[in-house]
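Visitor: Below you'll find input-v1.cif; it's mmCIF, C-alpha atoms and all ligand atoms.
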data_model
loop_
_atom_site.label_atom_id
_atom_site.label_comp_id
_atom_site.auth_asym_id
_atom_site.auth_seq_id
_atom_site.Cartn_x
_atom_site.Cartn_y
_atom_site.Cartn_z
CA MET A 1 -19.12 58.72 63.40
CA ASN A 2 -22.25 59.01 65.57
CA VAL A 3 -24.01 55.68 66.02
CA LEU A 4 -27.55 55.36 67.33
CA VAL A 5 -27.78 52.13 69.32
CA VAL A 6 -31.32 50.78 69.60
CA ASN A 7 -32.57 47.98 71.83
CA CYS A 8 -36.26 47.24 71.18
CA GLY A 9 -38.38 45.15 73.51
CA SER A 10 -42.04 44.35 72.94
CA SER A 11 -43.22 47.51 74.73
CA SER A 12 -39.97 49.38 75.36
CA LEU A 13 -37.06 50.90 73.48
CA LYS A 14 -33.67 51.80 74.95
CA TYR A 15 -31.34 54.02 72.96
CA GLN A 16 -27.91 55.62 73.13
CA LEU A 17 -26.26 57.99 70.72
CA ILE A 18 -22.54 57.22 70.78
CA ASP A 19 -19.69 59.15 69.19
CA SER A 20 -17.63 56.20 68.03
CA ASP A 21 -14.46 58.25 67.51
CA THR A 22 -14.24 59.23 71.17
CA GLU A 23 -16.41 56.31 72.39
CA THR A 24 -18.50 58.71 74.45
CA VAL A 25 -22.26 58.70 75.00
CA LEU A 26 -23.83 61.91 73.66
CA ALA A 27 -27.38 61.13 74.83
CA LYS A 28 -29.36 58.17 76.04
CA GLY A 29 -32.76 57.18 77.31
CA LEU A 30 -35.76 54.96 77.22
CA CYS A 31 -39.29 54.74 75.78
CA GLU A 32 -41.64 52.74 77.99
CA ARG A 33 -45.17 51.46 77.58
CA ILE A 34 -45.14 51.56 73.77
CA GLY A 35 -48.56 50.46 72.53
CA ILE A 36 -49.99 50.81 76.04
CA ASP A 37 -51.68 53.87 77.55
CA GLY A 38 -49.49 56.08 79.73
CA GLY A 39 -46.28 56.00 77.68
CA GLU A 40 -43.15 57.48 79.25
CA PHE A 41 -40.18 58.97 77.46
CA THR A 42 -36.82 59.49 79.15
CA TYR A 43 -34.03 61.51 77.58
CA GLN A 44 -30.70 62.52 78.95
CA LYS A 45 -28.11 64.53 77.15
CA SER A 46 -24.66 63.81 78.49
CA GLY A 47 -23.86 66.22 81.33
CA LEU A 48 -27.48 67.33 81.80
CA ASP A 49 -30.28 66.09 84.05
CA LYS A 50 -32.64 63.35 82.94
CA GLU A 51 -35.90 64.59 81.37
CA LYS A 52 -39.03 62.51 81.74
CA THR A 53 -42.20 63.19 79.74
CA ASN A 54 -45.52 61.41 79.45
CA VAL A 55 -46.36 60.78 75.84
CA ASP A 56 -48.37 58.05 74.20
CA MET A 57 -46.46 55.97 71.64
CA PRO A 58 -48.93 53.73 69.77
CA THR A 59 -46.11 51.91 67.92
CA HIS A 60 -42.30 51.74 67.89
CA LYS A 61 -42.34 54.14 64.94
CA GLU A 62 -43.74 56.97 67.06
CA ALA A 63 -41.24 56.06 69.78
CA ILE A 64 -38.29 56.36 67.40
CA GLN A 65 -39.68 59.60 65.98
CA ILE A 66 -39.77 61.01 69.53
CA VAL A 67 -36.19 59.89 70.12
CA LEU A 68 -35.02 61.54 66.88
CA ASN A 69 -36.90 64.77 67.71
CA ALA A 70 -35.24 64.87 71.12
CA LEU A 71 -31.79 64.29 69.65
CA VAL A 72 -32.11 67.34 67.36
CA ASN A 73 -34.09 69.50 69.79
CA ASP A 74 -32.96 73.19 69.74
CA LYS A 75 -32.26 73.39 73.46
CA THR A 76 -31.23 69.97 74.72
CA GLY A 77 -30.48 68.11 71.50
CA ALA A 78 -27.17 66.29 71.17
CA ILE A 79 -26.76 66.93 67.43
CA GLY A 80 -27.72 69.66 64.94
CA SER A 81 -29.48 67.46 62.40
CA LEU A 82 -30.27 63.83 61.68
CA ASP A 83 -27.55 63.81 59.00
CA GLU A 84 -25.13 63.57 61.89
CA ILE A 85 -26.27 60.00 62.63
CA GLY A 86 -23.93 57.89 60.51
CA ALA A 87 -25.35 54.46 61.33
CA VAL A 88 -27.78 52.57 63.55
CA GLY A 89 -26.84 49.48 65.56
CA HIS A 90 -29.70 47.21 66.59
CA ARG A 91 -29.54 44.74 69.42
CA MET A 92 -31.02 41.49 68.14
CA VAL A 93 -31.81 38.66 70.52
CA HIS A 94 -31.81 35.43 68.55
CA GLY A 95 -29.75 34.69 65.47
CA GLY A 96 -30.14 30.91 65.78
CA GLU A 97 -27.38 29.10 63.90
CA LYS A 98 -27.61 31.63 61.09
CA PHE A 99 -25.49 34.38 62.63
CA ALA A 100 -22.11 33.79 64.26
CA SER A 101 -21.27 37.50 64.13
CA SER A 102 -22.90 40.87 63.65
CA ALA A 103 -24.29 41.60 60.19
CA LEU A 104 -25.19 44.52 57.97
CA ILE A 105 -28.97 44.82 57.74
CA THR A 106 -30.28 44.04 54.25
CA ASP A 107 -33.61 42.63 53.05
CA GLU A 108 -32.02 39.21 52.79
CA MET A 109 -30.56 39.47 56.29
CA LEU A 110 -33.96 40.46 57.73
CA ALA A 111 -35.60 37.46 56.05
CA THR A 112 -33.01 35.22 57.73
CA VAL A 113 -33.69 36.83 61.12
CA GLU A 114 -37.39 36.18 60.59
CA GLU A 115 -36.60 32.48 60.21
CA CYS A 116 -35.30 32.60 63.80
CA ASN A 117 -38.51 34.19 65.17
CA ASP A 118 -39.80 30.82 66.29
CA LEU A 119 -36.89 30.53 68.71
CA ALA A 120 -37.57 33.89 70.37
CA PRO A 121 -41.22 34.70 69.75
CA LEU A 122 -41.29 37.59 72.22
CA HIS A 123 -37.99 39.23 71.38
CA ASN A 124 -37.16 38.87 67.69
CA PRO A 125 -40.40 40.36 66.30
CA ALA A 126 -39.92 43.38 68.58
CA ASN A 127 -36.32 43.79 67.35
CA LEU A 128 -37.56 43.68 63.75
CA ILE A 129 -40.27 46.26 64.38
CA GLY A 130 -37.50 48.58 65.59
CA VAL A 131 -35.48 47.97 62.44
CA TYR A 132 -38.41 48.69 60.13
CA ALA A 133 -39.32 51.84 62.06
CA CYS A 134 -35.75 53.16 61.78
CA ARG A 135 -35.67 52.33 58.07
CA ASP A 136 -38.86 54.34 57.54
CA LEU A 137 -37.64 57.35 59.47
CA MET A 138 -33.98 57.30 58.44
CA PRO A 139 -33.96 55.96 54.89
CA GLY A 140 -30.47 55.38 53.54
CA VAL A 141 -28.75 55.28 56.92
CA PRO A 142 -26.81 51.99 57.17
CA MET A 143 -27.87 49.63 59.96
CA VAL A 144 -26.28 46.66 61.65
CA GLY A 145 -27.77 43.81 63.71
CA VAL A 146 -25.78 42.59 66.72
CA PHE A 147 -26.98 39.25 68.09
CA ASP A 148 -27.10 38.09 71.70
CA THR A 149 -26.49 34.53 70.53
CA ALA A 150 -23.65 35.13 68.03
CA PHE A 151 -20.65 34.93 70.40
CA HIS A 152 -21.73 31.49 71.62
CA GLN A 153 -21.90 29.96 68.13
CA THR A 154 -18.37 28.64 68.73
CA MET A 155 -19.69 26.23 71.39
CA PRO A 156 -18.82 22.65 70.43
CA GLU A 157 -21.55 20.11 69.80
CA LYS A 158 -20.92 18.41 73.16
CA ALA A 159 -21.82 21.70 74.87
CA TYR A 160 -24.84 22.63 72.78
CA LEU A 161 -26.68 19.34 72.33
CA TYR A 162 -29.36 18.44 74.88
CA GLY A 163 -29.94 14.86 75.97
CA LEU A 164 -33.11 14.80 73.86
CA PRO A 165 -34.09 12.94 70.68
CA TYR A 166 -31.74 14.27 67.99
CA GLU A 167 -34.65 14.77 65.62
CA TYR A 168 -35.82 17.77 67.68
CA TYR A 169 -32.52 19.44 66.89
CA GLU A 170 -32.85 18.49 63.22
CA LYS A 171 -36.49 19.48 62.88
CA TYR A 172 -36.79 22.47 65.20
CA GLY A 173 -33.27 23.60 66.08
CA VAL A 174 -33.69 22.58 69.72
CA ARG A 175 -30.17 23.06 71.13
CA ARG A 176 -28.36 25.38 73.50
CA TYR A 177 -27.68 28.83 71.98
CA GLY A 178 -26.79 31.04 74.94
CA PHE A 179 -27.48 34.77 75.37
CA HIS A 180 -25.78 37.98 76.64
CA GLY A 181 -23.14 37.15 74.00
CA THR A 182 -22.35 40.81 73.31
CA SER A 183 -21.57 41.29 77.00
CA HIS A 184 -19.57 38.05 77.35
CA ARG A 185 -17.51 39.01 74.31
CA PHE A 186 -16.93 42.61 75.45
CA VAL A 187 -16.03 41.62 79.01
CA SER A 188 -13.76 38.69 78.09
CA GLN A 189 -11.83 40.84 75.61
CA HIS A 190 -11.61 43.76 77.99
CA MET A 191 -10.57 41.64 80.98
CA ALA A 192 -7.70 40.09 79.00
CA GLU A 193 -6.54 43.58 78.08
CA PHE A 194 -6.98 44.89 81.62
CA LEU A 195 -5.13 41.95 83.18
CA GLY A 196 -2.39 41.92 80.55
CA LEU A 197 -3.29 38.40 79.38
CA ASP A 198 -2.97 37.12 75.83
CA LEU A 199 -6.62 36.60 74.83
CA ASN A 200 -5.59 33.98 72.27
CA ASN A 201 -3.95 31.90 74.96
CA SER A 202 -6.32 32.30 77.90
CA LYS A 203 -8.95 30.51 79.98
CA LEU A 204 -11.53 33.02 81.19
CA ILE A 205 -14.86 32.82 82.97
CA VAL A 206 -17.34 35.70 82.77
CA ALA A 207 -20.20 35.92 85.29
CA HIS A 208 -22.80 38.33 83.86
CA LEU A 209 -25.06 38.75 86.89
CA GLY A 210 -27.94 41.10 86.24
CA ASN A 211 -31.67 40.61 86.48
CA GLY A 212 -31.08 38.03 83.77
CA ALA A 213 -27.85 36.21 84.55
CA SER A 214 -25.50 33.89 82.69
CA ILE A 215 -21.95 32.57 82.87
CA SER A 216 -19.61 31.74 80.02
CA ALA A 217 -16.40 29.76 79.61
CA VAL A 218 -14.13 31.52 77.11
CA LEU A 219 -11.14 29.60 75.72
CA ASN A 220 -8.62 31.60 73.69
CA GLY A 221 -11.23 34.31 73.11
CA LYS A 222 -14.01 31.93 72.02
CA SER A 223 -17.09 30.90 73.97
CA ILE A 224 -17.01 27.14 74.57
CA ASP A 225 -19.92 26.95 77.01
CA THR A 226 -22.54 29.17 78.59
CA SER A 227 -25.32 28.68 81.10
CA MET A 228 -28.35 29.86 79.11
CA GLY A 229 -29.80 27.47 76.55
CA LEU A 230 -32.49 27.39 73.88
CA THR A 231 -34.00 30.32 75.78
CA PRO A 232 -32.73 32.62 78.54
CA LEU A 233 -34.54 30.51 81.15
CA GLU A 234 -31.78 27.91 81.63
CA GLY A 235 -28.84 28.11 84.00
CA LEU A 236 -28.43 30.39 86.98
CA VAL A 237 -31.15 31.28 89.46
CA MET A 238 -32.08 34.80 88.28
CA GLY A 239 -34.15 37.77 89.42
CA THR A 240 -37.45 36.14 88.51
CA ARG A 241 -36.39 33.11 86.40
CA SER A 242 -35.87 29.68 87.87
CA GLY A 243 -32.79 28.65 85.89
CA ASP A 244 -32.05 24.89 85.93
CA ILE A 245 -34.73 22.77 87.57
CA ASP A 246 -35.78 19.13 87.43
CA PRO A 247 -38.01 19.17 84.30
CA ALA A 248 -40.48 16.84 86.04
CA ILE A 249 -41.36 19.70 88.42
CA ILE A 250 -43.36 21.23 85.57
CA GLU A 251 -45.81 18.31 85.48
CA PHE A 252 -45.89 18.04 89.28
CA ILE A 253 -46.73 21.69 89.97
CA SER A 254 -49.08 22.03 87.03
CA LYS A 255 -51.21 19.16 88.41
CA LYS A 256 -51.10 20.43 91.98
CA GLU A 257 -51.90 24.04 91.05
CA GLY A 258 -54.11 23.36 88.04
CA LEU A 259 -51.86 25.38 85.73
CA ASP A 260 -51.61 24.90 81.97
CA ILE A 261 -48.30 25.20 80.12
CA ASP A 262 -48.63 28.99 79.70
CA GLY A 263 -49.33 29.33 83.41
CA MET A 264 -46.28 27.20 84.24
CA MET A 265 -44.02 29.21 81.93
CA ASP A 266 -45.26 32.37 83.57
CA VAL A 267 -44.27 30.95 86.97
CA LEU A 268 -40.82 29.88 85.74
CA ASN A 269 -40.09 33.17 83.96
CA LYS A 270 -41.73 35.78 86.16
CA LYS A 271 -42.43 34.40 89.64
CA SER A 272 -39.37 32.27 90.38
CA GLY A 273 -35.69 33.01 90.96
CA VAL A 274 -34.71 35.09 93.97
CA LEU A 275 -38.13 36.78 93.87
CA GLY A 276 -39.84 33.42 94.22
CA ILE A 277 -37.58 32.18 97.01
CA SER A 278 -37.57 35.41 99.03
CA LYS A 279 -41.29 36.21 98.50
CA THR A 280 -40.01 39.80 98.64
CA SER A 281 -38.08 41.16 95.66
CA SER A 282 -35.97 40.34 92.63
CA ASP A 283 -33.61 43.20 93.48
CA PHE A 284 -30.47 42.37 95.45
CA ARG A 285 -30.57 45.72 97.25
CA ASP A 286 -33.91 44.72 98.80
CA LEU A 287 -32.69 41.19 99.50
CA GLU A 288 -29.61 42.45 101.34
CA GLU A 289 -31.71 44.85 103.36
CA GLY A 290 -34.13 42.05 104.19
CA MET A 291 -31.30 39.76 105.20
CA ASN A 292 -29.76 42.43 107.42
CA ASN A 293 -33.15 42.79 109.12
CA GLY A 294 -33.24 39.06 109.85
CA ASP A 295 -35.44 37.90 106.95
CA LYS A 296 -34.44 34.24 106.49
CA LEU A 297 -35.97 33.89 103.03
CA CYS A 298 -34.03 36.88 101.69
CA GLU A 299 -30.89 35.28 103.08
CA ALA A 300 -31.80 31.92 101.49
CA ALA A 301 -32.34 33.61 98.12
CA ILE A 302 -28.86 35.21 98.22
CA GLU A 303 -27.30 31.90 99.28
CA VAL A 304 -29.03 29.88 96.56
CA PHE A 305 -28.08 32.45 93.92
CA SER A 306 -24.41 32.61 94.97
CA TYR A 307 -24.08 28.83 95.36
CA ARG A 308 -25.43 28.25 91.83
CA VAL A 309 -22.96 30.82 90.42
CA ALA A 310 -20.08 29.09 92.24
CA LYS A 311 -21.16 25.65 90.98
CA TYR A 312 -21.24 26.90 87.39
CA ILE A 313 -17.80 28.47 87.77
CA GLY A 314 -16.55 25.14 89.14
CA SER A 315 -17.98 23.23 86.20
CA TYR A 316 -16.49 25.73 83.72
CA CYS A 317 -13.06 25.19 85.25
CA ALA A 318 -13.55 21.58 84.15
CA ALA A 319 -14.80 22.68 80.70
CA LEU A 320 -11.70 24.89 80.27
CA ASN A 321 -9.40 22.42 82.04
CA GLY A 322 -8.21 25.28 84.24
CA VAL A 323 -8.86 29.00 84.59
CA ASP A 324 -6.68 32.12 84.47
CA ALA A 325 -9.20 34.73 85.52
CA ILE A 326 -12.84 35.24 86.50
CA ALA A 327 -14.79 38.48 85.88
CA PHE A 328 -17.96 39.69 87.56
CA THR A 329 -20.14 42.03 85.53
CA ALA A 330 -23.67 43.54 85.13
CA GLY A 331 -25.91 45.00 87.87
CA ILE A 332 -25.21 42.45 90.60
CA GLY A 333 -21.73 41.43 89.45
CA GLU A 334 -20.55 45.04 89.42
CA ASN A 335 -22.37 46.29 92.51
CA ALA A 336 -22.87 43.52 95.05
CA PRO A 337 -19.70 42.79 97.11
CA LEU A 338 -21.70 40.37 99.26
CA VAL A 339 -22.52 38.11 96.31
CA ARG A 340 -18.93 38.20 94.99
CA LYS A 341 -17.68 37.29 98.47
CA LYS A 342 -20.11 34.41 98.86
CA VAL A 343 -19.26 33.05 95.40
CA CYS A 344 -15.51 33.25 96.06
CA GLU A 345 -15.89 31.53 99.44
CA HIS A 346 -16.83 28.38 97.49
CA LEU A 347 -13.80 28.72 95.22
CA GLY A 348 -10.97 28.47 97.76
CA PHE A 349 -10.03 25.09 96.22
CA LEU A 350 -8.86 26.99 93.13
CA GLY A 351 -6.41 28.93 95.28
CA ILE A 352 -8.59 32.05 95.08
CA THR A 353 -8.24 34.56 97.88
CA LEU A 354 -10.34 37.70 97.88
CA ASP A 355 -8.97 41.15 98.75
CA GLU A 356 -11.80 42.26 101.07
CA GLU A 357 -10.96 45.95 100.75
CA ALA A 358 -10.90 45.88 96.93
CA ASN A 359 -14.09 43.82 96.90
CA GLY A 360 -15.83 46.68 98.71
CA HIS A 361 -15.52 48.80 95.57
CA ARG A 362 -18.10 48.77 92.78
CA GLY A 363 -18.62 49.61 89.15
CA GLU A 364 -15.01 50.01 87.96
CA ASP A 365 -12.37 47.81 86.31
CA LEU A 366 -10.66 46.36 89.36
CA ILE A 367 -8.79 43.24 90.53
CA ILE A 368 -10.46 42.00 93.71
CA SER A 369 -8.25 38.97 94.41
CA THR A 370 -5.05 39.27 96.46
CA PRO A 371 -1.71 39.40 94.59
CA ASP A 372 -0.92 35.79 95.63
CA SER A 373 -4.34 34.43 94.53
CA LYS A 374 -3.76 31.59 92.03
CA VAL A 375 -6.63 32.81 89.85
CA LYS A 376 -7.26 36.50 89.23
CA VAL A 377 -10.77 37.68 90.09
CA CYS A 378 -11.94 41.07 88.83
CA ILE A 379 -14.85 43.42 88.30
CA ILE A 380 -15.27 44.47 84.65
CA PRO A 381 -18.27 46.73 83.98
CA THR A 382 -20.02 45.62 80.82
CA ASP A 383 -20.96 48.03 78.04
CA GLU A 384 -23.17 46.29 75.51
CA GLU A 385 -24.10 49.55 73.76
CA LEU A 386 -20.46 50.42 73.13
CA ALA A 387 -19.86 46.89 71.80
CA ILE A 388 -22.83 47.32 69.44
CA ALA A 389 -21.53 50.73 68.31
CA ARG A 390 -18.07 49.27 67.63
CA ASP A 391 -19.49 46.40 65.57
CA THR A 392 -21.70 48.84 63.67
CA VAL A 393 -18.80 51.09 62.71
CA ALA A 394 -16.68 48.09 61.72
CA LEU A 395 -19.40 46.83 59.36
CA VAL A 396 -20.50 50.08 57.75
P1 LIG A 401 -30.82 43.66 83.35
O1 LIG A 401 -30.00 44.41 82.31
O2 LIG A 401 -30.81 42.18 83.18
O3 LIG A 401 -32.17 44.23 83.60
P2 LIG A 401 -28.88 44.77 85.25
O4 LIG A 401 -27.57 44.26 84.76
O5 LIG A 401 -29.20 46.19 85.05
O6 LIG A 401 -30.07 43.84 84.74
O7 LIG A 401 -28.96 44.42 86.80
C1 LIG A 401 -30.05 44.81 87.59
C2 LIG A 401 -29.91 44.21 88.98
O8 LIG A 401 -28.66 44.59 89.57
C3 LIG A 401 -30.95 44.71 89.96
O9 LIG A 401 -32.13 43.98 89.87
C4 LIG A 401 -30.25 44.48 91.28
O10 LIG A 401 -30.54 43.15 91.72
C5 LIG A 401 -28.79 44.58 90.97
N1 LIG A 401 -28.17 45.79 91.53
C6 LIG A 401 -28.10 47.02 90.96
N2 LIG A 401 -27.46 47.89 91.79
C7 LIG A 401 -27.13 47.19 92.91
C8 LIG A 401 -26.46 47.51 94.13
N3 LIG A 401 -25.99 48.73 94.37
N4 LIG A 401 -26.31 46.52 95.04
C9 LIG A 401 -26.77 45.28 94.81
N5 LIG A 401 -27.41 44.92 93.67
C10 LIG A 401 -27.59 45.85 92.74
#
Could you render the structure from this file as structure tokens?

Guide:
Amino acid sequence: MNVLVVNCGSSSLKYQLIDSDTETVLAKGLCERIGIDGGEFTYQKSGLDKEKTNVDMPTHKEAIQIVLNALVNDKTGAIGSLDEIGAVGHRMVHGGEKFASSALITDEMLATVEECNDLAPLHNPANLIGVYACRDLMPGVPMVGVFDTAFHQTMPEKAYLYGLPYEYYEKYGVRRYGFHGTSHRFVSQHMAEFLGLDLNNSKLIVAHLGNGASISAVLNGKSIDTSMGLTPLEGLVMGTRSGDIDPAIIEFISKKEGLDIDGMMDVLNKKSGVLGISKTSSDFRDLEEGMNNGDKLCEAAIEVFSYRVAKYIGSYCAALNGVDAIAFTAGIGENAPLVRKKVCEHLGFLGITLDEEANGHRGEDLIISTPDSKVKVCIIPTDEELAIARDTVALV
């Protein structure tokens, strides 16, 4: 079956058409600047060059229509007609406590998702707009919602409760939810398979290090802790997000800089992280270049990032009471040997030794620890779209 995987942001839409029988990508691309002047549409049929066109997309509906037109285009289309799309899988950000797994999209299900909008006011409404647009344009095609939060619903209370008045949890659902769940699930399952471990009897740590970054502790295939919280702002130092900070800093800086709460949240989400520290870039390629040219702030940003990752891994060894294997994934985890090396340098106490030659590789399933390392360390490229396609097929 061909599954269209859709990931809607407030002004963007990423898509992939996946043949679920062969698990191959037939076409993929991106709509940018939806609802803003100067829209850009990118389409790439597997095996062909990327095509980029400028086209205004006033709403997500026009964006999806453009995607569908491209998919059935005479010359570069990936399929003959829209009938060849058997199902649509939607990435959904926040399922609150309502969704512990992916779910078939029905009116009732959408109403439940809407109840979670409060928890992700930027993301969930955008996801829903994408669902309604697909429903309009592909009536009758079954659709599935796959939640970023679902995999972490197995976290125990001691991991998800904050040290805050309990009534905020009761009244508003203020607790830790965690994100990137689709990736943590995919990578933990795949790493067990790749390493020949029994998933149901394993202690795994997954470091999803991309622009947004999070770590999870996975016991016997279930998430028992993860570094993101009520929102994706908690945890690691990220590209532009602060991660964990002393909450009193918010009052301190807001008074010094005359910022209101929106201004402070903007700083914490968009101007902090390695971008904030380095004053240069959120991209590790730029940071490494800066460091190699003697820029001390770029070096500090890489050190702070790697140290925080190592500290979380250390704390998750305690959460799991041991660890069998650690996986690095996502943009930085898959492609930045320097970061993996720096993280592992802090983990010698676990008996981890890194195979420097293997660590030089990138973007492939690979063990990067030496054969005598007490804990296996590996690179496992994530594939959230494939995970969404698999869930979609399983549910329709
Ligand atoms: P997201 O999905 O959260 O936007 P990705 O997982 O795509 O993020 O990761 C993007 C990040 O990966 C970039 O910002 C960059 O820091 C890092 N990255 C990508 N390629 C490389 C590379 N070759 N070397 C070092 N870092 C890289």

Visitor: Could you tell me how far CA of Arg340 in chain A lies from atom O2 of ligand LIG 401 (chain A), in Å and to one decimal?

Guide: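 Between these atoms lies a distance of 17.2 Å.
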
Visitor: Could you give me, as a tab-separated table, every chain A residue with an atom at most 9 Å from ligand LIG 401 (chain A), plus its closest atom pair and distance in Å to one decimal, counting only C-alpha atoms and all ligand atoms, rows ordered by chain then number?

Guide:
residue	atom	partner	partner_atom	distance
A:His208	CA	A:LIG401	O4	7.7
A:Leu209	CA	A:LIG401	O4	6.4
A:Gly210	CA	A:LIG401	O4	3.5
A:Asn211	CA	A:LIG401	O2	3.8
A:Gly212	CA	A:LIG401	O2	4.2
A:Ala213	CA	A:LIG401	O2	6.8
A:Gly239	CA	A:LIG401	O9	6.5
A:Ser281	CA	A:LIG401	O10	8.7
A:Ser282	CA	A:LIG401	O9	6.0
A:Asp283	CA	A:LIG401	O10	3.5
A:Phe284	CA	A:LIG401	O10	3.8
A:Arg285	CA	A:LIG401	C9	4.5
A:Asp286	CA	A:LIG401	O10	8.0
A:Leu287	CA	A:LIG401	O10	8.3
A:Glu288	CA	A:LIG401	C9	7.7
A:Thr329	CA	A:LIG401	O4	7.8
A:Ala330	CA	A:LIG401	O4	4.0
A:Gly331	CA	A:LIG401	O8	3.3
A:Ile332	CA	A:LIG401	C5	4.2
A:Gly333	CA	A:LIG401	O8	7.6
A:Glu334	CA	A:LIG401	C7	7.8
A:Asn335	CA	A:LIG401	C8	4.6
A:Ala336	CA	A:LIG401	C9	4.3
A:Pro337	CA	A:LIG401	C9	7.8
A:Leu338	CA	A:LIG401	C9	8.3
A:Val339	CA	A:LIG401	C9	8.5
A:Arg362	CA	A:LIG401	N3	8.0
A:Thr382	CA	A:LIG401	O4	8.6

Visitor: Quick one: everything within 7 Å of Ile85 in chain A, counting only C-alpha atoms, minus sequence neighbours fewer than 5 positions away in the same chain. Send it as a ChimeraX atom specification.

Guide: /A:2-4

Visitor: Between A:Leu275, A:Val88, A:Cys378, A:Ile18, which one has atoms that come closest to Ile64 in chain A, using all atoms listed in the file?

Guide: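 Closest to Ile64 in chain A, using all atoms listed in the file: A:Val88.
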
Visitor: In Å, with one decimal, what is the gap from CA of Glu32 in chain A to CA of Leu137 in chain A?

Guide: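 Atom-to-atom, CA of Glu32 in chain A and CA of Leu137 in chain A are spaced 19.5 Å apart.
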
Visitor: For Asp136 in chain A, find every residue with an atom within 12 Å (counting all atoms listed in the file), except residues of its own chain fewer than 3 positions away, and show them as a ChimeraX atom specification.

Guide: /A:60-62,64-65,129-133,139-141

Visitor: Restricting the calculation to all atoms listed in the file: of A:Ile36, A:Val67, A:Ile250, A:Val187, which residue gets closest to Glu384 in chain A?

Guide: A:Val187

Visitor: Excluding Asn7 in chain A and residues on its chain fewer than 6 positions from it, collect all residues at most 9 Å away from it, counting all atoms listed in the file, and give them as a PyMOL selection string.

Guide: chain A and resi 13-15+89-92+127+130+385
